[in-house]
Amino acid sequence: MLLFFGLSVLLFKLPAQYPLIALLFFTFVMTTAVLVSLEMASVFGVLVTLIVLGGVGILKGQDKAWLAGQIVLLWAGIFMTQRFNRARGRK
């Protein structure tokens with residue numbers, strides 16, 4: 001949780017680096033899904049989705065399309081992690 005809040009503070013301090021910080025959020029959520037739990041990753045995924053949607057409203061050009069695609073990639077990654085865990089017999 002501390003890492004999530006740290007990335008949020010970094011986002012507000014360096015808004016020009018928004019696409020890079022959004023990529024770090026994506027990496028954080030996927031790592032949480034694999035190492036901690038899928039439920040926590042889903043909670044953080046919702047929060048990251050809200051943050052990224054705010055960024056899509058602010059940014060212009062290709063960054064906007066990249067961030068919109070990242071939302072789809074984030075939820076596809078969480079879904080695939082869930083299917084992988086079920087196939088391995090983990091809950």
# chains A, B, ... in the order shown; residues from 1 in each chain; ligands from 1
call {"tool": "residues_around", "arguments": {"residues": "Asn85 (chain A)", "least_positions_apart": "3", "cutoff": "12 Å", "atoms": "only C-alpha atoms", "output": "CSV table (one decimal) with C-alpha atoms, in the first residue's frame"}}
result
chain,number,residue,atom,x,y,z
A,33,ALA,CA,-1.9,-10.0,-8.7
A,34,VAL,CA,0.9,-12.6,-9.1
A,35,LEU,CA,2.7,-12.3,-5.7
A,37,SER,CA,-3.6,-11.8,-4.2
A,38,LEU,CA,-6.0,-11.3,-7.0
A,78,ILE,CA,-5.9,-9.4,-14.2
A,79,PHE,CA,-8.4,-11.7,-16.0
A,80,MET,CA,-5.5,-13.8,-17.4
A,81,THR,CA,-3.9,-14.0,-14.0
A,82,GLN,CA,-7.2,-15.2,-12.5
A,88,ARG,CA,-3.1,-24.2,-11.3
A,89,GLY,CA,-5.7,-25.0,-8.7
A,90,ARG,CA,-5.0,-21.9,-6.5
A,91,LYS,CA,-7.8,-19.8,-5.3
call {"tool": "closest_residue", "arguments": {"among": "A:Ala87, A:Ala16, A:Val29, A:Met40", "to": "Ile58 (chain A)", "atoms": "only C-alpha atoms"}}
result
A:Ala16
call {"tool": "closest_residue", "arguments": {"among": "A:Phe12, A:Pro19, A:Phe25, A:Val43", "to": "Leu59 (chain A)", "atoms": "only C-alpha atoms"}}
result
A:Pro19
call {"tool": "closest_residue", "arguments": {"among": "A:Ala41, A:Ala65, A:Ile51, A:Ala22", "to": "Gly77 (chain A)", "atoms": "only C-alpha atoms"}}
result
A:Ala41
call {"tool": "atom_distance", "arguments": {"atom1": "CA of Arg83 (chain A)", "atom2": "CA of Trp66 (chain A)"}}
result
25.4 Å
